file work36.tsv (TSV, C-alpha atoms and all ligand atoms)
chain	number	residue	atom	x	y	z
F	1	MET	CA	14.69	-23.29	-25.07
F	2	PHE	CA	14.13	-20.81	-22.22
F	3	SER	CA	16.32	-22.46	-19.56
F	4	THR	CA	19.86	-21.19	-19.16
F	5	GLU	CA	23.10	-22.73	-17.85
F	6	THR	CA	24.16	-19.50	-16.17
F	7	PRO	CA	21.72	-17.18	-14.37
F	8	ALA	CA	19.46	-15.34	-16.80
F	9	PHE	CA	18.94	-12.67	-14.12
F	10	HIS	CA	18.90	-12.26	-10.34
F	11	VAL	CA	16.13	-11.39	-7.91
F	12	GLY	CA	18.19	-9.61	-5.28
F	13	SER	CA	20.94	-12.17	-4.80
F	14	ILE	CA	18.83	-15.12	-5.98
F	15	PRO	CA	19.80	-16.47	-9.41
F	16	VAL	CA	17.12	-17.48	-11.91
F	17	TYR	CA	18.17	-20.00	-14.54
F	18	GLY	CA	15.71	-19.32	-17.30
F	19	ARG	CA	13.35	-16.87	-18.90
F	20	ALA	CA	9.96	-18.64	-18.82
F	21	ILE	CA	8.00	-18.97	-15.61
F	22	LEU	CA	4.67	-20.52	-14.67
F	23	SER	CA	2.25	-17.78	-13.50
F	24	PRO	CA	0.77	-17.96	-10.05
F	25	MET	CA	-2.74	-19.32	-10.64
F	26	ALA	CA	-5.13	-20.12	-7.83
F	27	GLY	CA	-6.53	-23.60	-8.39
F	28	PHE	CA	-3.74	-24.57	-10.80
F	29	SER	CA	-0.19	-23.64	-9.75
F	30	ASP	CA	-0.11	-26.08	-6.85
F	31	VAL	CA	2.75	-28.40	-5.82
F	32	PRO	CA	1.92	-31.12	-8.40
F	33	TYR	CA	1.55	-28.81	-11.37
F	34	ARG	CA	4.63	-26.82	-10.47
F	35	ALA	CA	6.57	-30.11	-10.39
F	36	ILE	CA	5.40	-30.93	-13.91
F	37	CYS	CA	6.17	-27.45	-15.25
F	38	ARG	CA	9.57	-27.53	-13.59
F	39	THR	CA	10.50	-30.71	-15.44
F	40	TYR	CA	9.79	-28.91	-18.71
F	41	GLY	CA	11.78	-25.81	-17.76
F	42	SER	CA	9.73	-23.30	-15.75
F	43	ALA	CA	12.49	-21.35	-14.01
F	44	MET	CA	10.80	-19.94	-10.91
F	45	HIS	CA	7.90	-21.13	-8.78
F	46	TYR	CA	5.08	-19.01	-7.39
F	47	THR	CA	2.51	-20.33	-4.96
F	48	GLU	CA	-1.15	-19.56	-5.47
F	49	PHE	CA	-1.94	-16.29	-3.70
F	50	VAL	CA	-2.86	-16.40	-0.01
F	51	PRO	CA	-4.78	-13.77	2.00
F	52	VAL	CA	-2.61	-12.33	4.76
F	53	GLU	CA	-5.51	-12.58	7.21
F	54	ALA	CA	-5.20	-16.39	7.00
F	55	LEU	CA	-1.49	-16.29	7.82
F	56	GLN	CA	-1.44	-14.60	11.20
F	57	GLY	CA	-1.58	-17.74	13.37
F	58	LYS	CA	0.48	-20.90	13.63
F	59	PRO	CA	1.66	-22.56	10.41
F	60	ARG	CA	-0.89	-24.98	8.99
F	61	SER	CA	-3.64	-23.74	11.32
F	62	ASN	CA	-6.05	-23.38	8.38
F	63	ARG	CA	-6.42	-24.68	4.80
F	64	PHE	CA	-4.71	-21.66	3.20
F	65	TRP	CA	-1.36	-22.67	4.66
F	66	GLN	CA	-1.34	-25.67	2.34
F	67	ARG	CA	-0.82	-23.23	-0.53
F	68	LEU	CA	2.63	-22.54	0.93
F	69	ASP	CA	3.73	-26.16	0.67
F	70	GLN	CA	6.87	-26.54	-1.38
F	71	GLN	CA	9.16	-29.31	-2.51
F	72	PRO	CA	12.81	-29.21	-1.47
F	73	SER	CA	13.93	-28.88	-5.09
F	74	GLU	CA	11.78	-25.82	-5.80
F	75	HIS	CA	14.08	-22.86	-6.18
F	76	PRO	CA	13.61	-19.99	-6.44
F	77	MET	CA	10.36	-20.47	-4.49
F	78	VAL	CA	8.12	-17.42	-4.27
F	79	PHE	CA	5.32	-17.22	-1.69
F	80	GLN	CA	2.62	-14.89	-2.97
F	81	ILE	CA	0.38	-13.07	-0.49
F	82	PHE	CA	-2.21	-10.29	-0.67
F	83	GLY	CA	-3.83	-7.82	1.68
F	84	ASN	CA	-4.86	-4.20	2.09
F	85	ASN	CA	-2.99	-3.21	5.25
F	86	ALA	CA	0.78	-2.75	5.36
F	87	GLN	CA	1.20	-3.87	8.96
F	88	LYS	CA	-0.89	-7.02	8.41
F	89	ILE	CA	1.05	-7.80	5.25
F	90	LEU	CA	4.29	-7.39	7.22
F	91	ASP	CA	3.03	-9.61	10.08
F	92	ALA	CA	2.07	-12.34	7.61
F	93	ALA	CA	5.39	-12.02	5.75
F	94	LEU	CA	7.35	-12.35	8.99
F	95	ASN	CA	5.23	-15.32	10.00
F	96	ILE	CA	5.68	-17.22	6.73
F	97	ARG	CA	9.41	-16.44	6.68
F	98	GLN	CA	9.87	-19.43	9.01
F	99	LEU	CA	8.85	-21.74	6.12
F	100	ASP	CA	11.92	-20.56	4.25
F	101	PRO	CA	10.72	-19.14	0.94
F	102	ASP	CA	13.41	-17.65	-1.30
F	103	ILE	CA	11.24	-14.64	-2.14
F	104	ILE	CA	7.94	-13.11	-0.95
F	105	ASP	CA	5.69	-11.52	-3.58
F	106	ILE	CA	2.83	-9.12	-3.02
F	107	ASN	CA	-0.12	-9.62	-5.36
F	108	MET	CA	-1.29	-6.27	-6.71
F	109	GLY	CA	-2.96	-7.72	-9.78
F	110	CYS	CA	-5.98	-9.73	-8.72
F	111	SER	CA	-9.06	-8.12	-10.26
F	112	THR	CA	-11.86	-10.13	-8.64
F	113	ARG	CA	-14.34	-7.93	-6.80
F	114	LYS	CA	-13.89	-9.86	-3.57
F	115	VAL	CA	-10.17	-9.03	-3.49
F	116	SER	CA	-9.76	-5.74	-5.37
F	117	GLY	CA	-13.00	-4.28	-3.96
F	118	ARG	CA	-11.47	-4.15	-0.51
F	119	GLY	CA	-8.26	-2.51	-1.67
F	120	ALA	CA	-6.17	-5.70	-1.96
F	121	GLY	CA	-4.82	-7.22	-5.18
F	122	VAL	CA	-5.01	-4.61	-7.94
F	123	GLY	CA	-6.94	-2.45	-5.45
F	124	MET	CA	-3.55	-1.59	-3.93
F	125	MET	CA	-2.60	0.21	-7.15
F	126	LYS	CA	-5.22	2.84	-6.29
F	127	SER	CA	-3.22	3.66	-3.13
F	128	PRO	CA	0.39	4.48	-4.07
F	129	ASP	CA	1.06	5.43	-0.42
F	130	LEU	CA	-0.02	1.99	0.74
F	131	VAL	CA	2.25	0.37	-1.86
F	132	ALA	CA	5.18	2.52	-0.70
F	133	GLU	CA	4.55	1.82	3.00
F	134	THR	CA	4.13	-1.92	2.41
F	135	PHE	CA	7.38	-2.29	0.49
F	136	ARG	CA	9.29	0.02	2.85
F	137	LEU	CA	8.20	-2.06	5.83
F	138	LEU	CA	8.77	-5.43	4.21
F	139	THR	CA	12.18	-4.65	2.80
F	140	GLN	CA	13.28	-3.16	6.15
F	141	HIS	CA	12.17	-6.15	8.22
F	142	LEU	CA	12.82	-9.14	5.99
F	143	ASP	CA	16.14	-10.52	4.85
F	144	ILE	CA	14.86	-12.05	1.60
F	145	PRO	CA	13.85	-10.30	-1.65
F	146	ILE	CA	10.38	-8.78	-1.80
F	147	THR	CA	8.71	-8.52	-5.21
F	148	GLY	CA	5.41	-7.31	-6.63
F	149	LYS	CA	3.01	-8.43	-9.34
F	150	ILE	CA	0.93	-5.64	-10.83
F	151	ARG	CA	-1.41	-4.78	-13.70
F	152	LEU	CA	-1.38	-1.64	-15.85
F	153	GLY	CA	-3.58	0.09	-13.30
F	154	TRP	CA	-7.18	0.20	-12.13
F	155	ASP	CA	-8.69	1.83	-15.21
F	156	GLU	CA	-7.61	3.77	-18.27
F	157	ASN	CA	-5.54	6.06	-16.00
F	158	LYS	CA	-2.78	3.51	-16.09
F	159	ASN	CA	-0.34	4.18	-13.25
F	160	PHE	CA	1.99	1.20	-13.66
F	161	LEU	CA	5.02	3.41	-14.25
F	162	GLU	CA	4.36	5.34	-11.03
F	163	ILE	CA	3.76	2.13	-9.06
F	164	GLY	CA	6.81	0.48	-10.64
F	165	ARG	CA	9.03	3.37	-9.55
F	166	ILE	CA	7.53	3.31	-6.06
F	167	LEU	CA	8.30	-0.40	-5.84
F	168	GLU	CA	11.87	0.11	-6.97
F	169	ASP	CA	12.41	3.13	-4.68
F	170	ASN	CA	11.14	1.12	-1.72
F	171	GLY	CA	13.38	-1.85	-2.18
F	172	ALA	CA	11.45	-4.25	-4.41
F	173	ALA	CA	13.74	-6.73	-6.13
F	174	LEU	CA	11.54	-7.45	-9.16
F	175	VAL	CA	8.23	-6.47	-10.73
F	176	ALA	CA	5.99	-8.77	-12.75
F	177	ILE	CA	3.35	-7.06	-14.86
F	178	HIS	CA	0.21	-8.38	-16.54
F	179	GLY	CA	-0.45	-6.00	-19.43
F	180	ARG	CA	-4.10	-5.25	-18.66
F	181	THR	CA	-6.01	-2.96	-16.31
F	182	LYS	CA	-8.36	-4.15	-13.59
F	183	GLN	CA	-11.26	-2.84	-15.70
F	184	GLN	CA	-10.21	-5.03	-18.59
F	185	LYS	CA	-9.99	-8.12	-16.41
F	186	TYR	CA	-9.08	-10.60	-19.18
F	187	SER	CA	-10.69	-8.86	-22.15
F	188	GLY	CA	-8.90	-7.32	-25.10
F	189	GLN	CA	-5.22	-7.87	-25.71
F	190	ALA	CA	-2.42	-7.51	-23.20
F	191	ASP	CA	-0.42	-4.36	-23.91
F	192	TRP	CA	3.15	-5.46	-24.50
F	193	GLU	CA	4.31	-1.91	-25.27
F	194	ALA	CA	3.46	-1.00	-21.70
F	195	ILE	CA	5.60	-3.91	-20.51
F	196	ALA	CA	8.48	-2.57	-22.61
F	197	ALA	CA	7.95	0.91	-21.12
F	198	LEU	CA	8.13	-0.48	-17.58
F	199	LYS	CA	11.30	-2.39	-18.40
F	200	GLN	CA	12.82	0.82	-19.79
F	201	ALA	CA	11.83	2.80	-16.70
F	202	LEU	CA	13.24	0.44	-14.05
F	203	SER	CA	16.61	-1.03	-13.24
F	204	ILE	CA	15.27	-4.02	-11.28
F	205	PRO	CA	14.22	-7.06	-13.33
F	206	VAL	CA	10.80	-7.02	-14.99
F	207	ILE	CA	8.74	-10.07	-15.87
F	208	GLY	CA	6.22	-9.60	-18.68
F	209	ASN	CA	2.89	-11.37	-18.66
F	210	GLY	CA	-0.23	-11.66	-20.78
F	211	ASP	CA	-1.55	-13.79	-23.65
F	212	ILE	CA	1.43	-16.06	-24.27
F	213	ASP	CA	0.21	-19.40	-25.56
F	214	SER	CA	3.11	-20.62	-27.66
F	215	PRO	CA	6.91	-20.73	-27.43
F	216	GLU	CA	7.07	-18.28	-30.34
F	217	LEU	CA	4.95	-15.74	-28.49
F	218	ALA	CA	7.10	-16.18	-25.38
F	219	GLN	CA	10.19	-15.40	-27.45
F	220	LYS	CA	8.36	-12.52	-29.15
F	221	MET	CA	7.54	-10.92	-25.81
F	222	LEU	CA	11.15	-11.30	-24.67
F	223	ASP	CA	12.39	-9.73	-27.91
F	224	GLU	CA	9.82	-6.94	-28.17
F	225	THR	CA	9.75	-5.81	-24.54
F	226	GLY	CA	13.31	-6.56	-23.42
F	227	CYS	CA	11.83	-7.99	-20.23
F	228	ASP	CA	14.00	-10.35	-18.19
F	229	ALA	CA	11.52	-13.22	-18.28
F	230	VAL	CA	7.98	-14.04	-19.29
F	231	MET	CA	5.25	-15.47	-17.14
F	232	ILE	CA	2.81	-17.92	-18.72
F	233	GLY	CA	-0.59	-18.54	-17.16
F	234	ARG	CA	-3.60	-19.81	-19.11
F	235	GLY	CA	-1.39	-20.87	-22.00
F	236	ALA	CA	0.38	-23.33	-19.71
F	237	ILE	CA	-2.73	-25.06	-18.38
F	238	GLY	CA	-2.81	-28.51	-19.96
F	239	ASN	CA	0.32	-27.48	-21.82
F	240	PRO	CA	3.45	-27.68	-19.63
F	241	TRP	CA	5.47	-28.45	-22.77
F	242	ILE	CA	5.41	-24.75	-23.59
F	243	PHE	CA	8.29	-24.30	-21.13
F	244	SER	CA	10.48	-26.61	-23.18
F	245	GLY	CA	9.75	-24.62	-26.32
F	246	ARG	CA	7.44	-27.25	-27.82
F	247	HIS	CA	3.97	-26.97	-29.27
F	248	GLN	CA	1.44	-29.43	-27.92
F	249	SER	CA	0.54	-30.29	-31.50
F	250	SER	CA	4.07	-31.56	-32.09
F	251	LEU	CA	3.80	-34.19	-29.35
F	252	SER	CA	3.37	-37.84	-30.13
F	253	ILE	CA	0.36	-39.47	-28.49
F	254	GLU	CA	2.84	-41.38	-26.33
F	255	GLU	CA	4.45	-38.15	-25.10
F	256	LEU	CA	1.09	-36.54	-24.42
F	257	PHE	CA	-0.14	-39.45	-22.32
F	258	THR	CA	3.16	-39.86	-20.50
F	259	GLY	CA	2.81	-36.23	-19.41
F	260	ILE	CA	-0.81	-36.72	-18.36
F	261	GLN	CA	0.11	-39.85	-16.44
F	262	GLN	CA	2.99	-38.12	-14.64
F	263	HIS	CA	0.73	-35.27	-13.62
F	264	THR	CA	-1.93	-37.70	-12.36
F	265	VAL	CA	0.66	-39.51	-10.26
F	266	GLU	CA	1.89	-36.20	-8.78
F	267	MET	CA	-1.73	-35.29	-7.92
F	268	ILE	CA	-2.38	-38.63	-6.24
F	269	ASP	CA	0.92	-38.50	-4.32
F	270	TYR	CA	0.18	-35.05	-3.02
F	271	TYR	CA	-3.60	-35.01	-2.47
F	272	GLY	CA	-4.34	-38.73	-2.10
F	273	GLU	CA	-6.26	-40.94	-4.53
F	274	HIS	CA	-9.79	-39.60	-4.16
F	275	HIS	CA	-9.07	-35.90	-3.89
F	276	GLY	CA	-6.15	-36.05	-6.33
F	277	LEU	CA	-8.25	-37.51	-9.12
F	278	ILE	CA	-11.11	-35.10	-8.52
F	279	LEU	CA	-8.80	-32.09	-8.62
F	280	PHE	CA	-7.09	-33.46	-11.72
F	281	ARG	CA	-10.33	-33.34	-13.76
F	282	LYS	CA	-10.01	-29.66	-14.71
F	283	HIS	CA	-6.42	-30.26	-15.86
F	284	LEU	CA	-7.38	-33.35	-17.86
F	285	LYS	CA	-10.02	-31.46	-19.80
F	286	ARG	CA	-7.41	-28.90	-20.75
F	287	TYR	CA	-4.85	-31.53	-21.76
F	288	LEU	CA	-7.36	-33.12	-24.12
F	289	GLN	CA	-9.27	-30.10	-25.34
F	290	THR	CA	-7.72	-29.92	-28.78
F	291	TYR	CA	-7.99	-33.63	-29.51
F	292	GLN	CA	-10.93	-35.45	-30.96
F	293	ILE	CA	-11.95	-37.88	-28.29
F	294	ASP	CA	-15.04	-39.95	-27.79
F	295	ARG	CA	-17.42	-38.02	-25.53
F	296	ASP	CA	-18.24	-41.10	-23.45
F	297	ALA	CA	-14.56	-41.72	-22.79
F	298	ILE	CA	-14.14	-38.20	-21.41
F	299	THR	CA	-17.24	-38.52	-19.25
F	300	GLN	CA	-15.96	-41.77	-17.79
F	301	LEU	CA	-12.48	-40.38	-17.17
F	302	VAL	CA	-13.79	-37.39	-15.26
F	303	SER	CA	-16.28	-39.47	-13.31
F	304	THR	CA	-14.03	-41.99	-11.64
F	305	ASP	CA	-12.10	-41.38	-8.46
F	306	HIS	CA	-10.55	-44.84	-8.53
F	307	PRO	CA	-6.93	-44.86	-9.79
F	308	ASP	CA	-7.01	-48.35	-11.37
F	309	THR	CA	-10.13	-47.52	-13.35
F	310	PHE	CA	-8.72	-44.11	-14.25
F	311	PHE	CA	-5.45	-45.47	-15.61
F	312	GLU	CA	-7.28	-48.23	-17.54
F	313	LEU	CA	-9.57	-45.65	-19.13
F	314	LEU	CA	-6.61	-43.41	-19.88
F	315	GLU	CA	-4.89	-46.29	-21.65
F	316	LYS	CA	-8.03	-46.93	-23.72
F	317	THR	CA	-8.30	-43.26	-24.63
F	318	LYS	CA	-4.67	-43.24	-25.70
F	319	HIS	CA	-5.28	-46.23	-27.91
F	320	GLN	CA	-8.39	-44.66	-29.42
F	321	LEU	CA	-6.52	-41.44	-30.15
F	322	SER	CA	-3.62	-43.32	-31.75
F	323	VAL	CA	-6.08	-45.03	-34.09
F	324	VAL	CA	-7.74	-41.71	-34.98
F	325	ARG	CA	-4.34	-40.15	-35.68
F	326	GLN	CA	-3.25	-42.98	-37.93
F	327	ALA	CA	-6.49	-43.21	-39.84
F	328	PRO	CA	-6.85	-41.20	-43.07
F	329	PRO	CA	-9.30	-38.29	-42.54
F	330	ALA	CA	-12.03	-39.83	-44.71
F	331	ARG	CA	-12.35	-42.77	-42.39
F	332	SER	CA	-12.54	-40.81	-39.12
F	333	GLN	CA	-15.98	-40.66	-37.50
F	334	PRO	CA	-16.73	-37.10	-36.45
F	335	ASN	CA	-20.24	-37.90	-35.16
F	336	LYS	CA	-19.29	-39.36	-31.85
F	337	THR	CA	-16.46	-36.99	-31.02
F	338	ALA	CA	-16.38	-33.82	-29.04
F	339	HIS	CA	-14.01	-31.03	-28.22
F	340	VAL	CA	-13.89	-30.87	-24.43
Y	1	LIG	C1	-7.38	-19.46	-12.87
Y	1	LIG	C2	-6.46	-18.31	-12.63
Y	1	LIG	C3	-5.97	-18.07	-11.35
Y	1	LIG	C4	-5.09	-17.00	-11.12
Y	1	LIG	N1	-4.58	-16.82	-9.87
Y	1	LIG	C5	-3.61	-15.88	-9.66
Y	1	LIG	C6	-2.93	-15.78	-8.41
Y	1	LIG	O1	-3.17	-16.54	-7.47
Y	1	LIG	N2	-1.97	-14.81	-8.30
Y	1	LIG	C7	-1.65	-13.97	-9.33
Y	1	LIG	O2	-0.77	-13.11	-9.19
Y	1	LIG	N3	-2.29	-14.05	-10.51
Y	1	LIG	C8	-3.23	-14.99	-10.71
Y	1	LIG	N4	-3.80	-15.12	-11.94
Y	1	LIG	C9	-3.35	-14.24	-13.05
Y	1	LIG	C10	-2.20	-14.90	-13.82
Y	1	LIG	O3	-1.07	-15.05	-13.02
Y	1	LIG	C11	-1.82	-14.06	-15.05
Y	1	LIG	O4	-1.40	-12.80	-14.62
Y	1	LIG	C12	-2.98	-13.88	-16.03
Y	1	LIG	O5	-3.66	-15.10	-16.24
Y	1	LIG	C13	-2.49	-13.33	-17.38
Y	1	LIG	O6	-1.55	-14.20	-17.95
Y	1	LIG	P1	-1.93	-15.25	-19.15
Y	1	LIG	O7	-2.47	-14.44	-20.28
Y	1	LIG	O8	-0.63	-15.91	-19.45
Y	1	LIG	O9	-2.96	-16.18	-18.59
Y	1	LIG	C14	-4.71	-16.15	-12.17
Y	1	LIG	C15	-5.21	-16.39	-13.46
Y	1	LIG	C16	-6.05	-17.46	-13.70
Y	1	LIG	C17	-6.56	-17.69	-15.11
call {"tool": "encode", "arguments": {"input": "work36.tsv", "output": "structure tokens"}}
result
Amino acid sequence: MFSTETPAFHVGSIPVYGRAILSPMAGFSDVPYRAICRTYGSAMHYTEFVPVEALQGKPRSNRFWQRLDQQPSEHPMVFQIFGNNAQKILDAALNIRQLDPDIIDINMGCSTRKVSGRGAGVGMMKSPDLVAETFRLLTQHLDIPITGKIRLGWDENKNFLEIGRILEDNGAALVAIHGRTKQQKYSGQADWEAIAALKQALSIPVIGNGDIDSPELAQKMLDETGCDAVMIGRGAIGNPWIFSGRHQSSLSIEELFTGIQQHTVEMIDYYGEHHGLILFRKHLKRYLQTYQIDRDAITQLVSTDHPDTFFELLEKTKHQLSVVRQAPPARSQPNKTAHV
């Protein structure tokens, strides 16, 4: 539904074949989940954000480098980094260039105190000069597109239009915007009119982001803001089907469990059996959260780190859910079920 045969837009010279993109999400948008979302149509791939301080040494010299792993088929691949010092951001960007990303993105949207409190993430939006210097340096010294992801601003003095123009004037090839301020964090509603205003103000592509949890809302944001693509974060967790334009509720039980199984296999392949299954637990809860499933079954599924046991339990859960779906409502047994 959102994928395109010909490029939907370009980031610098890099073509993007679609208008729906998985958001960068620390703890979620890793290699396995990006692979799943890609199969359903996510058109561009962002790593989880990485602090520039961790990227000054040799590749893979600390755990953060793993966030820059990529699969050969992942294009366009965007490495996202954050920092509060233009020279350090440049040093890190030059250093990670050797891993061959298509694009490097600067996170100017993270609102956590640990990041924004020291002037990184959305903290950068308080320093337009730092934003200008960072993008001037990066676009002068790197031969790949440099992009930025921003919010509306720090507080109600929303300066996204000023920052957007600074980005464009200093060579940025694209801006993604989450329609909230740092103060709002995730509260209230994302302001889509602001996204439309940014799109109007800039000639580089704009990606809109905030509160999309269905294919209809993705299309609505595209239509209402005129943005070049939409980015989907929380609404894609446990719901990669959104990229193919499908509602999770329209899936057959077979399709749901095939997706879950594929994701589990990707996790095990990438992280190994033990770690893969442990890290998969948070995804599994999200896959199953809208289904009525026996509480004990969920507990068992998220307790095992043994693949054979896991897949057996998954099969049982699938069977149980098929029975619940087929049974007339009067015969279902709500007592022993839980929404996870
Ligand atoms: C768990 C989590 C981790 C996130 N990590 C990042 C990150 O690493 N980089 C980034 O730019 N944004 C990050 N975000 C913000 C999302 O990319 C996105 O802007 C935000 O969730 C709003 O979009 P949504 O309403 O579609 O979720 C994160 C959000 C969540 C919920």
call {"tool": "closest_atom_pairs", "arguments": {"input": "work36.tsv", "of": "chain F", "to": "ligand LIG 1 (chain Y)", "cutoff": "9 Å", "atoms": "all atoms listed in the file", "output": "JSON lines"}}
result
{"residue": "F:Leu22", "atom": "CA", "partner": "Y:LIG1", "partner_atom": "O3", "distance": 8.1}
{"residue": "F:Ser23", "atom": "CA", "partner": "Y:LIG1", "partner_atom": "O3", "distance": 4.3}
{"residue": "F:Pro24", "atom": "CA", "partner": "Y:LIG1", "partner_atom": "N2", "distance": 4.5}
{"residue": "F:Met25", "atom": "CA", "partner": "Y:LIG1", "partner_atom": "N1", "distance": 3.2}
{"residue": "F:Ala26", "atom": "CA", "partner": "Y:LIG1", "partner_atom": "N1", "distance": 3.9}
{"residue": "F:Gly27", "atom": "CA", "partner": "Y:LIG1", "partner_atom": "C1", "distance": 6.2}
{"residue": "F:Phe28", "atom": "CA", "partner": "Y:LIG1", "partner_atom": "C1", "distance": 6.6}
{"residue": "F:Ser29", "atom": "CA", "partner": "Y:LIG1", "partner_atom": "O1", "distance": 8.0}
{"residue": "F:Tyr46", "atom": "CA", "partner": "Y:LIG1", "partner_atom": "N2", "distance": 8.3}
{"residue": "F:Thr47", "atom": "CA", "partner": "Y:LIG1", "partner_atom": "O1", "distance": 7.3}
{"residue": "F:Glu48", "atom": "CA", "partner": "Y:LIG1", "partner_atom": "O1", "distance": 4.1}
{"residue": "F:Phe49", "atom": "CA", "partner": "Y:LIG1", "partner_atom": "O1", "distance": 4.0}
{"residue": "F:Val50", "atom": "CA", "partner": "Y:LIG1", "partner_atom": "O1", "distance": 7.5}
{"residue": "F:Gln80", "atom": "CA", "partner": "Y:LIG1", "partner_atom": "N2", "distance": 7.0}
{"residue": "F:Ile81", "atom": "CA", "partner": "Y:LIG1", "partner_atom": "N2", "distance": 8.3}
{"residue": "F:Phe82", "atom": "CA", "partner": "Y:LIG1", "partner_atom": "N2", "distance": 8.9}
{"residue": "F:Asp105", "atom": "CA", "partner": "Y:LIG1", "partner_atom": "O2", "distance": 8.7}
{"residue": "F:Ile106", "atom": "CA", "partner": "Y:LIG1", "partner_atom": "O2", "distance": 8.2}
{"residue": "F:Asn107", "atom": "CA", "partner": "Y:LIG1", "partner_atom": "O2", "distance": 5.2}
{"residue": "F:Met108", "atom": "CA", "partner": "Y:LIG1", "partner_atom": "O2", "distance": 7.3}
{"residue": "F:Gly109", "atom": "CA", "partner": "Y:LIG1", "partner_atom": "O2", "distance": 5.8}
{"residue": "F:Cys110", "atom": "CA", "partner": "Y:LIG1", "partner_atom": "N3", "distance": 6.0}
{"residue": "F:Ser111", "atom": "CA", "partner": "Y:LIG1", "partner_atom": "C9", "distance": 8.8}
{"residue": "F:Gly121", "atom": "CA", "partner": "Y:LIG1", "partner_atom": "O2", "distance": 8.2}
{"residue": "F:Gly148", "atom": "CA", "partner": "Y:LIG1", "partner_atom": "O2", "distance": 8.9}
{"residue": "F:Lys149", "atom": "CA", "partner": "Y:LIG1", "partner_atom": "O2", "distance": 6.0}
{"residue": "F:Ile150", "atom": "CA", "partner": "Y:LIG1", "partner_atom": "O2", "distance": 7.8}
{"residue": "F:Arg151", "atom": "CA", "partner": "Y:LIG1", "partner_atom": "O4", "distance": 8.1}
{"residue": "F:Ala176", "atom": "CA", "partner": "Y:LIG1", "partner_atom": "O4", "distance": 8.6}
{"residue": "F:Ile177", "atom": "CA", "partner": "Y:LIG1", "partner_atom": "O4", "distance": 7.5}
{"residue": "F:His178", "atom": "CA", "partner": "Y:LIG1", "partner_atom": "O4", "distance": 5.1}
{"residue": "F:Gly179", "atom": "CA", "partner": "Y:LIG1", "partner_atom": "C13", "distance": 7.9}
{"residue": "F:Arg180", "atom": "CA", "partner": "Y:LIG1", "partner_atom": "C13", "distance": 8.3}
{"residue": "F:Tyr186", "atom": "CA", "partner": "Y:LIG1", "partner_atom": "C13", "distance": 7.4}
{"residue": "F:Gln189", "atom": "CA", "partner": "Y:LIG1", "partner_atom": "O7", "distance": 9.0}
{"residue": "F:Ala190", "atom": "CA", "partner": "Y:LIG1", "partner_atom": "O7", "distance": 7.5}
{"residue": "F:Asn209", "atom": "CA", "partner": "Y:LIG1", "partner_atom": "O6", "distance": 5.3}
{"residue": "F:Gly210", "atom": "CA", "partner": "Y:LIG1", "partner_atom": "O7", "distance": 3.6}
{"residue": "F:Asp211", "atom": "CA", "partner": "Y:LIG1", "partner_atom": "O7", "distance": 3.6}
{"residue": "F:Ile212", "atom": "CA", "partner": "Y:LIG1", "partner_atom": "O8", "distance": 5.2}
{"residue": "F:Asp213", "atom": "CA", "partner": "Y:LIG1", "partner_atom": "O8", "distance": 7.1}
{"residue": "F:Val230", "atom": "CA", "partner": "Y:LIG1", "partner_atom": "O8", "distance": 8.8}
{"residue": "F:Met231", "atom": "CA", "partner": "Y:LIG1", "partner_atom": "O8", "distance": 6.3}
{"residue": "F:Ile232", "atom": "CA", "partner": "Y:LIG1", "partner_atom": "O8", "distance": 4.1}
{"residue": "F:Gly233", "atom": "CA", "partner": "Y:LIG1", "partner_atom": "O8", "distance": 3.5}
{"residue": "F:Arg234", "atom": "CA", "partner": "Y:LIG1", "partner_atom": "O9", "distance": 3.7}
{"residue": "F:Gly235", "atom": "CA", "partner": "Y:LIG1", "partner_atom": "O8", "distance": 5.6}
{"residue": "F:Ala236", "atom": "CA", "partner": "Y:LIG1", "partner_atom": "O8", "distance": 7.5}
{"residue": "F:Ile237", "atom": "CA", "partner": "Y:LIG1", "partner_atom": "O9", "distance": 8.9}
call {"tool": "closest_residue", "arguments": {"input": "work36.tsv", "among": "F:Asn95, F:Asn85, F:Ser214, F:Gln262", "to": "Ala20 (chain F)", "atoms": "all atoms listed in the file"}}
result
F:Ser214
call {"tool": "closest_residue", "arguments": {"input": "work36.tsv", "among": "F:Arg295, F:Lys318, F:His283, F:His306", "to": "Ser252 (chain F)", "atoms": "all atoms listed in the file"}}
result
F:Lys318
call {"tool": "atom_distance", "arguments": {"input": "work36.tsv", "atom1": "CA of Asp129 (chain F)", "atom2": "CA of Glu162 (chain F)"}}
result
11.1 Å
call {"tool": "residues_near_point", "arguments": {"input": "work36.tsv", "point": "(12.4, -2.0, 6.2)", "cutoff": "12 Å", "atoms": "only C-alpha atoms", "output": "short mmCIF file (atom, residue, chain, number, x, y, z; two decimals) with C-alpha atoms, in the frame of the given file"}}
result
data_model
loop_
_atom_site.label_atom_id
_atom_site.label_comp_id
_atom_site.auth_asym_id
_atom_site.auth_seq_id
_atom_site.Cartn_x
_atom_site.Cartn_y
_atom_site.Cartn_z
CA ALA F 86 0.78 -2.75 5.36
CA GLN F 87 1.20 -3.87 8.96
CA LEU F 90 4.29 -7.39 7.22
CA LEU F 94 7.35 -12.35 8.99
CA ALA F 132 5.18 2.52 -0.70
CA GLU F 133 4.55 1.82 3.00
CA THR F 134 4.13 -1.92 2.41
CA PHE F 135 7.38 -2.29 0.49
CA ARG F 136 9.29 0.02 2.85
CA LEU F 137 8.20 -2.06 5.83
CA LEU F 138 8.77 -5.43 4.21
CA THR F 139 12.18 -4.65 2.80
CA GLN F 140 13.28 -3.16 6.15
CA HIS F 141 12.17 -6.15 8.22
CA LEU F 142 12.82 -9.14 5.99
CA ASP F 143 16.14 -10.52 4.85
CA ILE F 144 14.86 -12.05 1.60
CA PRO F 145 13.85 -10.30 -1.65
CA ILE F 146 10.38 -8.78 -1.80
CA ASN F 170 11.14 1.12 -1.72
CA GLY F 171 13.38 -1.85 -2.18
CA ALA F 172 11.45 -4.25 -4.41
#
